[in-house]
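Student: Below is structure.pdb; it holds PDB, C-alpha atoms.
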ATOM      1  CA  MET C   1      -2.424   6.465  33.183
ATOM      2  CA  ASN C   2      -5.259   8.692  31.953
ATOM      3  CA  THR C   3      -8.315   7.431  30.069
ATOM      4  CA  SER C   4      -7.238   8.689  26.626
ATOM      5  CA  LEU C   5      -3.876   6.925  26.896
ATOM      6  CA  CYS C   6      -5.582   3.711  27.996
ATOM      7  CA  MET C   7      -8.018   3.889  25.087
ATOM      8  CA  ASN C   8      -5.232   4.554  22.600
ATOM      9  CA  SER C   9      -3.207   1.652  23.972
ATOM     10  CA  PHE C  10      -6.252  -0.633  23.648
ATOM     11  CA  TYR C  11      -6.789   0.567  20.076
ATOM     12  CA  ARG C  12      -3.180  -0.139  19.119
ATOM     13  CA  SER C  13      -3.033  -3.566  20.756
ATOM     14  CA  LYS C  14      -6.510  -5.001  20.095
ATOM     15  CA  LEU C  15      -9.220  -2.846  18.522
ATOM     16  CA  LYS C  16      -7.320  -1.820  15.375
ATOM     17  CA  ARG C  17      -6.854  -5.482  14.418
ATOM     18  CA  TRP C  18     -10.504  -6.323  15.117
ATOM     19  CA  ILE C  19     -11.617  -3.402  12.935
ATOM     20  CA  ASP C  20      -9.236  -4.544  10.180
ATOM     21  CA  ILE C  21     -10.759  -8.039  10.174
ATOM     22  CA  PHE C  22     -14.362  -6.808  10.231
ATOM     23  CA  ILE C  23     -13.943  -4.201   7.470
ATOM     24  CA  SER C  24     -11.784  -6.400   5.221
ATOM     25  CA  VAL C  25     -14.337  -9.248   5.374
ATOM     26  CA  LEU C  26     -17.165  -6.801   4.697
ATOM     27  CA  LEU C  27     -15.359  -5.193   1.744
ATOM     28  CA  ILE C  28     -14.383  -8.562   0.238
ATOM     29  CA  ILE C  29     -18.030  -9.660   0.319
ATOM     30  CA  ILE C  30     -19.377  -6.368  -1.053
ATOM     31  CA  SER C  31     -16.750  -6.074  -3.788
ATOM     32  CA  SER C  32     -16.774  -9.753  -4.855
ATOM     33  CA  PRO C  33     -18.577  -8.941  -8.167
ATOM     34  CA  LEU C  34     -15.886  -6.318  -8.840
ATOM     35  CA  PHE C  35     -13.152  -8.860  -8.064
ATOM     36  CA  ILE C  36     -14.651 -11.231 -10.640
ATOM     37  CA  LEU C  37     -15.053  -8.482 -13.235
ATOM     38  CA  LEU C  38     -11.479  -7.243 -12.803
ATOM     39  CA  TYR C  39     -10.161 -10.798 -12.928
ATOM     40  CA  LEU C  40     -11.880 -11.409 -16.266
ATOM     41  CA  ILE C  41     -10.816  -8.054 -17.744
ATOM     42  CA  ILE C  42      -7.168  -8.529 -16.768
ATOM     43  CA  ARG C  43      -7.152 -12.152 -17.919
ATOM     44  CA  LEU C  44      -8.497 -11.149 -21.355
ATOM     45  CA  THR C  45      -6.324  -8.059 -21.853
ATOM     46  CA  LEU C  46      -3.048  -8.794 -20.040
ATOM     47  CA  GLY C  47      -3.178 -12.577 -19.728
ATOM     48  CA  LYS C  48      -1.678 -14.613 -16.897
ATOM     49  CA  PRO C  49      -0.928 -14.138 -14.081
ATOM     50  CA  VAL C  50      -3.861 -11.958 -13.053
ATOM     51  CA  ILE C  51      -2.544 -11.511  -9.515
ATOM     52  CA  PHE C  52       0.846  -9.861  -9.059
ATOM     53  CA  LYS C  53       2.759 -11.246  -6.067
ATOM     54  CA  GLN C  54       5.855  -9.756  -4.483
ATOM     55  CA  GLU C  55       7.692 -10.157  -1.197
ATOM     56  CA  ARG C  56       7.557  -7.085   1.052
ATOM     57  CA  PRO C  57       8.675  -6.381   4.643
ATOM     58  CA  GLY C  58       5.900  -6.017   7.195
ATOM     59  CA  LEU C  59       5.616  -5.703  10.969
ATOM     60  CA  ASN C  60       9.087  -5.946  12.559
ATOM     61  CA  GLU C  61      10.506  -6.381   9.029
ATOM     62  CA  LYS C  62       8.975  -9.852   8.689
ATOM     63  CA  ILE C  63       8.708 -10.727   4.989
ATOM     64  CA  PHE C  64       5.283 -11.532   3.536
ATOM     65  CA  THR C  65       3.769 -11.941   0.052
ATOM     66  CA  LEU C  66       1.799  -8.903  -1.093
ATOM     67  CA  TYR C  67      -1.087  -9.327  -3.566
ATOM     68  CA  LYS C  68      -2.156  -6.861  -6.235
ATOM     69  CA  PHE C  69      -4.064  -7.047  -9.497
ATOM     70  CA  ARG C  70      -1.619  -7.066 -12.381
ATOM     71  CA  THR C  71      -1.566  -3.784 -14.334
ATOM     72  CA  MET C  72       1.511  -4.043 -16.600
ATOM     73  CA  THR C  73       2.267  -5.923 -19.800
ATOM     74  CA  ASP C  74       5.252  -8.266 -20.235
ATOM     75  CA  GLU C  75       6.770  -6.285 -23.113
ATOM     76  CA  ARG C  76      10.521  -6.749 -23.477
ATOM     77  CA  ASP C  77      13.371  -5.311 -25.532
ATOM     78  CA  GLU C  78      15.473  -7.216 -28.079
ATOM     79  CA  ASN C  79      17.643  -8.577 -25.251
ATOM     80  CA  GLY C  80      14.682 -10.014 -23.364
ATOM     81  CA  ASN C  81      14.692  -7.365 -20.636
ATOM     82  CA  LEU C  82      11.414  -5.907 -19.439
ATOM     83  CA  LEU C  83      10.694  -2.435 -20.799
ATOM     84  CA  PRO C  84      10.409   0.465 -18.289
ATOM     85  CA  ASP C  85       7.270   0.501 -16.116
ATOM     86  CA  GLU C  86       5.934   3.685 -17.728
ATOM     87  CA  ILE C  87       5.889   1.912 -21.122
ATOM     88  CA  ARG C  88       4.309  -1.314 -19.849
ATOM     89  CA  LEU C  89       1.610   0.522 -17.886
ATOM     90  CA  LYS C  90      -1.078   1.468 -20.397
ATOM     91  CA  GLY C  91      -4.693   0.920 -21.434
ATOM     92  CA  VAL C  92      -6.777  -1.098 -19.004
ATOM     93  CA  GLY C  93      -3.867  -1.516 -16.602
ATOM     94  CA  LYS C  94      -3.319   2.232 -16.406
ATOM     95  CA  LEU C  95      -7.027   2.805 -15.707
ATOM     96  CA  ILE C  96      -7.095   0.147 -12.978
ATOM     97  CA  ARG C  97      -3.996   1.708 -11.384
ATOM     98  CA  SER C  98      -5.431   5.256 -11.580
ATOM     99  CA  LEU C  99      -8.562   4.114  -9.714
ATOM    100  CA  SER C 100      -6.414   2.201  -7.163
ATOM    101  CA  LEU C 101      -8.392  -0.959  -7.954
ATOM    102  CA  ASP C 102      -5.140  -2.902  -8.228
ATOM    103  CA  GLU C 103      -4.889  -2.672  -4.433
ATOM    104  CA  LEU C 104      -8.117  -4.635  -3.774
ATOM    105  CA  PRO C 105      -6.442  -8.060  -3.318
ATOM    106  CA  GLN C 106      -4.543  -6.589  -0.374
ATOM    107  CA  LEU C 107      -7.768  -6.959   1.595
ATOM    108  CA  PHE C 108      -6.737 -10.623   1.841
ATOM    109  CA  ASN C 109      -3.355  -9.507   3.204
ATOM    110  CA  VAL C 110      -5.262  -7.550   5.858
ATOM    111  CA  LEU C 111      -7.421 -10.561   6.667
ATOM    112  CA  LYS C 112      -4.315 -12.755   7.031
ATOM    113  CA  GLY C 113      -2.700 -10.243   9.382
ATOM    114  CA  ASP C 114       0.142  -9.274   7.047
ATOM    115  CA  MET C 115      -1.225  -5.751   6.692
ATOM    116  CA  SER C 116      -3.654  -3.250   8.188
ATOM    117  CA  LEU C 117      -6.143  -1.010   6.415
ATOM    118  CA  VAL C 118      -4.025   1.974   7.502
ATOM    119  CA  GLY C 119      -0.270   2.095   8.002
ATOM    120  CA  PRO C 120       2.973   2.870   6.175
ATOM    121  CA  ARG C 121       2.940   1.347   2.693
ATOM    122  CA  PRO C 122       5.010  -1.879   2.417
ATOM    123  CA  LEU C 123       8.029  -1.110   0.234
ATOM    124  CA  LEU C 124      10.626  -3.292  -1.478
ATOM    125  CA  VAL C 125      12.740  -5.754   0.513
ATOM    126  CA  GLU C 126      15.853  -4.325  -1.149
ATOM    127  CA  TYR C 127      15.288  -1.019   0.672
ATOM    128  CA  LEU C 128      15.757  -2.540   4.145
ATOM    129  CA  PRO C 129      19.539  -1.965   4.374
ATOM    130  CA  LEU C 130      19.111   1.627   3.142
ATOM    131  CA  TYR C 131      16.978   3.019   5.984
ATOM    132  CA  ASN C 132      18.431   5.065   8.810
ATOM    133  CA  GLU C 133      17.351   4.316  12.394
ATOM    134  CA  ARG C 134      14.481   6.791  12.335
ATOM    135  CA  GLN C 135      13.125   5.478   9.036
ATOM    136  CA  ARG C 136      13.213   1.894  10.313
ATOM    137  CA  LYS C 137      10.514   2.836  12.831
ATOM    138  CA  ARG C 138       7.985   2.540   9.985
ATOM    139  CA  HIS C 139       8.166  -1.235  10.581
ATOM    140  CA  LEU C 140       7.004  -1.007  14.203
ATOM    141  CA  VAL C 141       3.392  -1.259  12.982
ATOM    142  CA  ARG C 142       1.704  -3.338  10.292
ATOM    143  CA  PRO C 143       1.978  -1.817   6.812
ATOM    144  CA  GLY C 144      -1.247  -0.477   5.332
ATOM    145  CA  ILE C 145      -3.250  -0.430   2.123
ATOM    146  CA  THR C 146      -3.304   3.312   2.657
ATOM    147  CA  GLY C 147      -1.359   5.579   4.966
ATOM    148  CA  LEU C 148      -0.541   9.125   5.986
ATOM    149  CA  ALA C 149       2.102   9.492   3.252
ATOM    150  CA  GLN C 150      -0.470   8.407   0.654
ATOM    151  CA  VAL C 151      -3.016  11.067   1.588
ATOM    152  CA  MET C 152      -0.319  13.724   1.922
ATOM    153  CA  GLY C 153       0.972  13.289  -1.613
ATOM    154  CA  ARG C 154       1.492   9.596  -2.364
ATOM    155  CA  ASN C 155       4.079   9.269  -5.160
ATOM    156  CA  ALA C 156       4.206  13.024  -5.871
ATOM    157  CA  ILE C 157       6.297  13.739  -2.741
ATOM    158  CA  SER C 158       9.946  12.919  -1.994
ATOM    159  CA  TRP C 159      11.160   9.800  -0.193
ATOM    160  CA  LYS C 160      12.309  11.968   2.720
ATOM    161  CA  GLU C 161       8.796  13.398   3.098
ATOM    162  CA  LYS C 162       7.222   9.930   2.799
ATOM    163  CA  PHE C 163       9.360   8.526   5.596
ATOM    164  CA  GLU C 164       8.700  11.512   7.861
ATOM    165  CA  TYR C 165       4.949  10.980   7.449
ATOM    166  CA  ASP C 166       5.391   7.240   8.108
ATOM    167  CA  VAL C 167       7.299   7.842  11.348
ATOM    168  CA  TYR C 168       4.822  10.522  12.445
ATOM    169  CA  TYR C 169       2.031   7.968  11.938
ATOM    170  CA  VAL C 170       3.835   5.336  14.031
ATOM    171  CA  GLU C 171       4.423   7.816  16.840
ATOM    172  CA  ASN C 172       0.865   9.215  16.784
ATOM    173  CA  LEU C 173      -1.232   6.195  15.788
ATOM    174  CA  SER C 174      -4.813   6.539  17.017
ATOM    175  CA  PHE C 175      -8.367   5.656  16.052
ATOM    176  CA  TRP C 176      -9.113   9.222  14.954
ATOM    177  CA  LEU C 177      -5.969   9.493  12.854
ATOM    178  CA  ASP C 178      -6.883   6.240  11.086
ATOM    179  CA  MET C 179     -10.435   7.472  10.419
ATOM    180  CA  LYS C 180      -9.077  10.749   9.019
ATOM    181  CA  ILE C 181      -6.679   8.873   6.720
ATOM    182  CA  LEU C 182      -9.447   6.565   5.453
ATOM    183  CA  LEU C 183     -11.676   9.549   4.660
ATOM    184  CA  LEU C 184      -8.869  11.413   2.893
ATOM    185  CA  THR C 185      -7.977   8.237   0.957
ATOM    186  CA  PHE C 186     -11.508   8.070  -0.437
ATOM    187  CA  LEU C 187     -11.260  11.681  -1.564
ATOM    188  CA  LYS C 188      -7.797  11.143  -3.104
ATOM    189  CA  VAL C 189      -9.000   8.117  -5.070
ATOM    190  CA  ILE C 190     -11.966  10.089  -6.417
ATOM    191  CA  LYS C 191      -9.644  12.920  -7.489
ATOM    192  CA  ARG C 192      -6.901  10.490  -8.703
ATOM    193  CA  GLU C 193      -4.199  12.608  -7.062
ATOM    194  CA  GLY C 194      -0.528  11.704  -6.512
ATOM    195  CA  ILE C 195      -0.684   8.399  -8.386
ATOM    196  CA  SER C 196       2.734   8.796  -9.962
ATOM    197  CA  GLN C 197       5.854  10.904  -9.894
ATOM    198  CA  LYS C 198       6.278  13.099 -12.964
ATOM    199  CA  GLY C 199       7.732  11.012 -15.811
ATOM    200  CA  LYS C 200       7.357   7.736 -13.884
ATOM    201  CA  ALA C 201       4.739   4.972 -13.734
ATOM    202  CA  THR C 202       4.877   5.184  -9.929
ATOM    203  CA  MET C 203       8.018   6.658  -8.329
ATOM    204  CA  GLU C 204      11.778   6.432  -8.731
ATOM    205  CA  LYS C 205      13.568   3.879  -6.585
ATOM    206  CA  PHE C 206      14.845   4.746  -3.121
ATOM    207  CA  ASN C 207      18.659   4.767  -3.226
ATOM    208  CA  GLY C 208      19.434   5.611   0.383
ATOM    209  CA  ASN C 209      19.969   8.813   2.335
ATOM    210  CA  ASN C 210      23.322   9.977   0.973
TER     211      ASN C 210
END
What is this structure when it is put down as structure tokens?
Tutor:
Amino acid sequence: MNTSLCMNSFYRSKLKRWIDIFISVLLIIISSPLFILLYLIIRLTLGKPVIFKQERPGLNEKIFTLYKFRTMTDERDENGNLLPDEIRLKGVGKLIRSLSLDELPQLFNVLKGDMSLVGPRPLLVEYLPLYNERQRKRHLVRPGITGLAQVMGRNAISWKEKFEYDVYYVENLSFWLDMKILLLTFLKVIKREGISQKGKATMEKFNGNN
């Protein structure tokens, strides 16, 4: 086995996780004043709960609880059903989402080992039966706060394109690819690109491959 393959294997098996722990701890400490500020703003404008929790599939499809700052209101119609996301996402919540600040609590998911800084985004549990065999490969690595699909278009690209980028990442995971994705993520956040699909708060649901 040549040196580059050995290094890449070491990165996948050990170093990537060590880097995740180090950077997530560092970012939690540095951004702690921002955590407190966002908590207070959301508590005063949107009320409780401040943290949105939802079950998502992670490495090897193991289910974990994902954390995000809440960005939507609880507005409902006359029958008590929640209004569409694009109506409930407004004001402060919309600003927090556009700056990707709602993702900050996922640093604790990284610290716990549920997620990585970089990897395919964790999607809904209900999508699991809908993937084909190639798409299921996205669960061979830890899901990420950011990923290749996010920097290549995020919610502005199709599901088919998203999954192709996810599988490409799994098959080509390396230190340099992760560093490139982190750099491009920073630039995307600054430019606020690909946050939502046209006419949607985020993106339409995945309904399978047929």
Student: Would you compute the distance between atom CA of C:Phe69 and atom CA of C:His139? Give it in Å to one decimal.
Tutor: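 About the pair atom CA of C:Phe69 and atom CA of C:His139: they are 24.2 Å apart.
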Student: Excluding same-chain residues fewer than 4 positions from C:Leu173, what lies within 12 Å of it counting all atoms listed in the file, as a ChimeraX atom specification?
Tutor: /C:5,7-13,16,118-120,138,140-142,147-148,165-169,177-181
Student: Using atom CA of C:Pro105 and atom CA of C:Ser158 as the two end points, give the distance in Å to one decimal.
Tutor: 26.7 Å
Student: Could you tell me, as an MDAnalysis selection string, exactly which residues end up selected when the PyMOL selection byres ((chain C and resi 149-154) around 8) is applied to this structure?
Tutor: chainID C and resid 120 146:148 155:157 161:163 165:166 181 184:185 188 193:196
Student: Using all atoms listed in the file, which protein or nucleic acid residues come within 9 Å of C:Asn109? Drop anything in the same chain fewer than 3 positions from it, and give the result as a list in words.
Tutor: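 Counting only the stated atoms, we get Phe64, Thr65, Leu66, Tyr67, Pro105, Gln106, Lys112, Gly113, Asp114, Met115 and Ser116 of chain C.
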Student: Would you export the selected residues with C-alpha atoms as a short mmCIF file (atom, residue, chain, number, x, y, z; two decimals), in the frame of the given file, please?
Tutor:
data_model
loop_
_atom_site.label_atom_id
_atom_site.label_comp_id
_atom_site.auth_asym_id
_atom_site.auth_seq_id
_atom_site.Cartn_x
_atom_site.Cartn_y
_atom_site.Cartn_z
CA PHE C 64 5.28 -11.53 3.54
CA THR C 65 3.77 -11.94 0.05
CA LEU C 66 1.80 -8.90 -1.09
CA TYR C 67 -1.09 -9.33 -3.57
CA PRO C 105 -6.44 -8.06 -3.32
CA GLN C 106 -4.54 -6.59 -0.37
CA LYS C 112 -4.32 -12.76 7.03
CA GLY C 113 -2.70 -10.24 9.38
CA ASP C 114 0.14 -9.27 7.05
CA MET C 115 -1.23 -5.75 6.69
CA SER C 116 -3.65 -3.25 8.19
#
Student: Which residue is closest to C:Glu61? Choose from C:Gly144, C:Leu182, C:Glu204, C:Arg136 and count all atoms listed in the file.
Tutor: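 Result for the nearest residue to C:Glu61: C:Arg136.
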